[in-house]
Amino acid sequence: MPYINVQITKGASREQKAKIVKDFTESLVNVLGKKPEHIHIVIQEINEEDWGFAGMLTDDWKKLKK
C-alpha cells in the first residue's frame, strides 16, 4: 500500500490539490503497477513562516524577491 506525504506551502487551490493526487496516483499505477484503491496521498499545507528556504523563512525570502 503506497503512502505519499506531500508537503507544500499554503495557497494551493482545491483543483490544484486534486491534480496532485491524480498525477501521483497515475504515476504509481504506471511505474509500479499499483492499484489506485491501494494508494494513499496526504497533502499537508505549511505556513510560509514555518518553512525554511535558502537560509531564511520562506515568507521573508519572498519579500526579498519582490
# chains A, B, ... in the order shown; residues from 1 in each chain; ligands from 1
$ residues_around --residues "His40 of chain A" --least-positions-apart "5" --cutoff "8 Å" --atoms "only C-alpha atoms" --output "number ranges by chain"
A: 1-4
$ residues_around --residues "Val21 of chain A" --least-positions-apart "4" --cutoff "12 Å" --atoms "only C-alpha atoms" --output "list in words"
Tyr3, Ile4, Asn5, Val6, Arg14, Glu15, Gln16, Lys17, Thr25, Glu26, Ser27, Leu28, Pro36, Ile39, His40, Ile41, Val42 and Ile43 of chain A
$ write_last_selection --atoms "N, CA and C atoms" --output "CSV table (one decimal), in the first residue's frame"
chain,number,residue,atom,x,y,z
A,3,TYR,N,2.1,5.0,0.3
A,3,TYR,CA,1.6,6.2,1.0
A,3,TYR,C,2.6,7.3,0.6
A,4,ILE,N,2.0,8.4,0.1
A,4,ILE,CA,2.8,9.6,-0.2
A,4,ILE,C,2.3,10.8,0.6
A,5,ASN,N,3.3,11.4,1.2
A,5,ASN,CA,3.0,12.6,2.0
A,5,ASN,C,3.6,13.8,1.3
A,6,VAL,N,2.8,14.7,0.8
A,6,VAL,CA,3.2,15.9,0.0
A,6,VAL,C,3.1,17.1,0.9
A,14,ARG,N,-8.2,23.9,-4.4
A,14,ARG,CA,-8.7,22.5,-4.3
A,14,ARG,C,-8.4,21.8,-5.7
A,15,GLU,N,-8.6,22.5,-6.8
A,15,GLU,CA,-8.3,21.9,-8.1
A,15,GLU,C,-6.9,21.5,-8.2
A,16,GLN,N,-6.0,22.3,-7.8
A,16,GLN,CA,-4.6,22.0,-7.8
A,16,GLN,C,-4.2,20.8,-7.0
A,17,LYS,N,-4.8,20.7,-5.8
A,17,LYS,CA,-4.6,19.6,-4.9
A,17,LYS,C,-5.2,18.3,-5.6
A,25,THR,N,-1.1,9.5,-8.2
A,25,THR,CA,-1.7,8.1,-8.3
A,25,THR,C,-1.4,7.5,-9.7
A,26,GLU,N,-1.6,8.3,-10.8
A,26,GLU,CA,-1.3,7.7,-12.1
A,26,GLU,C,0.1,7.3,-12.2
A,27,SER,N,1.1,8.0,-11.7
A,27,SER,CA,2.5,7.7,-11.7
A,27,SER,C,2.7,6.3,-11.0
A,28,LEU,N,2.2,6.1,-9.8
A,28,LEU,CA,2.4,4.9,-9.1
A,28,LEU,C,1.7,3.7,-9.8
A,36,PRO,N,-5.1,1.8,-8.0
A,36,PRO,CA,-5.4,3.1,-7.4
A,36,PRO,C,-6.0,3.1,-6.0
A,39,ILE,N,-3.6,3.2,-3.1
A,39,ILE,CA,-2.7,4.4,-3.0
A,39,ILE,C,-3.3,5.4,-2.1
A,40,HIS,N,-2.5,5.9,-1.1
A,40,HIS,CA,-2.9,6.9,-0.2
A,40,HIS,C,-2.0,8.1,-0.3
A,41,ILE,N,-2.6,9.3,-0.5
A,41,ILE,CA,-1.8,10.5,-0.7
A,41,ILE,C,-2.3,11.6,0.3
A,42,VAL,N,-1.4,12.1,1.1
A,42,VAL,CA,-1.8,13.2,2.1
A,42,VAL,C,-1.1,14.4,1.7
A,43,ILE,N,-1.8,15.5,1.6
A,43,ILE,CA,-1.3,16.8,1.3
A,43,ILE,C,-1.3,17.6,2.6
$ atom_distance --atom1 "atom CA of Thr9 of chain A" --atom2 "atom CA of Gln44 of chain A"
8.2 Å
$ select_by_dssp --residues "chain A" --states "strand (DSSP E)" --output "ChimeraX atom specification"
/A:3-9,40-46,52-53,56-57
$ write_last_selection --atoms "N, CA and C atoms" --output "compact mmCIF listing (two decimals), in the first residue's frame"
# COMPACT_ATOMS: atom_id res chain seq x y z
N TYR A 3 2.07 5.00 0.26
CA TYR A 3 1.63 6.19 1.00
C TYR A 3 2.57 7.31 0.60
N ILE A 4 2.01 8.41 0.13
CA ILE A 4 2.80 9.58 -0.24
C ILE A 4 2.34 10.75 0.62
N ASN A 5 3.32 11.44 1.22
CA ASN A 5 3.05 12.63 2.01
C ASN A 5 3.65 13.81 1.26
N VAL A 6 2.81 14.70 0.79
CA VAL A 6 3.24 15.87 0.03
C VAL A 6 3.11 17.09 0.93
N GLN A 7 4.21 17.79 1.14
CA GLN A 7 4.19 19.00 1.95
C GLN A 7 4.42 20.20 1.04
N ILE A 8 3.48 21.14 1.11
CA ILE A 8 3.56 22.34 0.29
C ILE A 8 3.24 23.55 1.17
N THR A 9 3.68 24.73 0.73
CA THR A 9 3.26 25.92 1.45
C THR A 9 1.80 26.20 1.11
N HIS A 40 -2.49 5.89 -1.11
CA HIS A 40 -2.91 6.94 -0.18
C HIS A 40 -1.99 8.14 -0.35
N ILE A 41 -2.57 9.31 -0.50
CA ILE A 41 -1.81 10.54 -0.66
C ILE A 41 -2.33 11.57 0.33
N VAL A 42 -1.44 12.13 1.12
CA VAL A 42 -1.79 13.16 2.09
C VAL A 42 -1.09 14.45 1.70
N ILE A 43 -1.85 15.52 1.61
CA ILE A 43 -1.27 16.83 1.33
C ILE A 43 -1.30 17.64 2.62
N GLN A 44 -0.12 18.07 3.05
CA GLN A 44 -0.01 18.90 4.24
C GLN A 44 0.40 20.29 3.79
N GLU A 45 -0.39 21.27 4.20
CA GLU A 45 -0.07 22.66 3.88
C GLU A 45 0.64 23.29 5.07
N ILE A 46 1.76 23.92 4.79
CA ILE A 46 2.60 24.52 5.82
C ILE A 46 2.59 26.04 5.63
N GLY A 52 11.56 26.81 6.00
CA GLY A 52 12.83 27.46 5.74
C GLY A 52 13.32 27.19 4.33
N PHE A 53 13.91 28.20 3.71
CA PHE A 53 14.43 28.08 2.35
C PHE A 53 15.59 29.04 2.19
N MET A 56 16.60 31.11 5.21
CA MET A 56 15.65 32.03 5.86
C MET A 56 14.24 31.46 5.74
N LEU A 57 13.32 32.06 6.46
CA LEU A 57 11.92 31.64 6.36
C LEU A 57 11.38 32.03 4.99
$ select_by_dssp --residues "chain A" --states "alpha helix (DSSP H)" --output "list in words"
Arg14, Glu15, Gln16, Lys17, Ala18, Lys19, Ile20, Val21, Lys22, Asp23, Phe24, Thr25, Glu26, Ser27, Leu28, Val29, Asn30, Val31, Leu32, Thr58, Asp59, Asp60, Trp61, Lys62, Lys63, Leu64 and Lys65 of chain A
$ write_last_selection --atoms "C-alpha atoms" --output "PDB file, in the first residue's frame"
ATOM      1  CA  ARG A  14      -8.706  22.522  -4.334  1.00  0.00           C
ATOM      2  CA  GLU A  15      -8.348  21.934  -8.088  1.00  0.00           C
ATOM      3  CA  GLN A  16      -4.554  22.018  -7.829  1.00  0.00           C
ATOM      4  CA  LYS A  17      -4.606  19.561  -4.947  1.00  0.00           C
ATOM      5  CA  ALA A  18      -6.904  17.245  -6.895  1.00  0.00           C
ATOM      6  CA  LYS A  19      -4.432  17.359  -9.810  1.00  0.00           C
ATOM      7  CA  ILE A  20      -1.540  16.496  -7.470  1.00  0.00           C
ATOM      8  CA  VAL A  21      -3.459  13.469  -6.150  1.00  0.00           C
ATOM      9  CA  LYS A  22      -4.445  12.385  -9.672  1.00  0.00           C
ATOM     10  CA  ASP A  23      -0.930  12.743 -11.100  1.00  0.00           C
ATOM     11  CA  PHE A  24       0.833  10.958  -8.232  1.00  0.00           C
ATOM     12  CA  THR A  25      -1.719   8.148  -8.344  1.00  0.00           C
ATOM     13  CA  GLU A  26      -1.309   7.732 -12.105  1.00  0.00           C
ATOM     14  CA  SER A  27       2.464   7.664 -11.705  1.00  0.00           C
ATOM     15  CA  LEU A  28       2.371   4.864  -9.125  1.00  0.00           C
ATOM     16  CA  VAL A  29      -0.090   2.906 -11.256  1.00  0.00           C
ATOM     17  CA  ASN A  30       2.084   3.279 -14.371  1.00  0.00           C
ATOM     18  CA  VAL A  31       5.523   2.871 -12.800  1.00  0.00           C
ATOM     19  CA  LEU A  32       4.883   0.354 -10.019  1.00  0.00           C
ATOM     20  CA  THR A  58      10.040  31.399   3.082  1.00  0.00           C
ATOM     21  CA  ASP A  59       7.847  34.435   3.766  1.00  0.00           C
ATOM     22  CA  ASP A  60      10.970  36.562   4.362  1.00  0.00           C
ATOM     23  CA  TRP A  61      12.639  35.155   1.231  1.00  0.00           C
ATOM     24  CA  LYS A  62       9.594  36.015  -0.881  1.00  0.00           C
ATOM     25  CA  LYS A  63       9.620  39.593   0.448  1.00  0.00           C
ATOM     26  CA  LEU A  64      13.217  39.971  -0.750  1.00  0.00           C
ATOM     27  CA  LYS A  65      12.313  38.713  -4.235  1.00  0.00           C
TER      28      LYS A  65
END
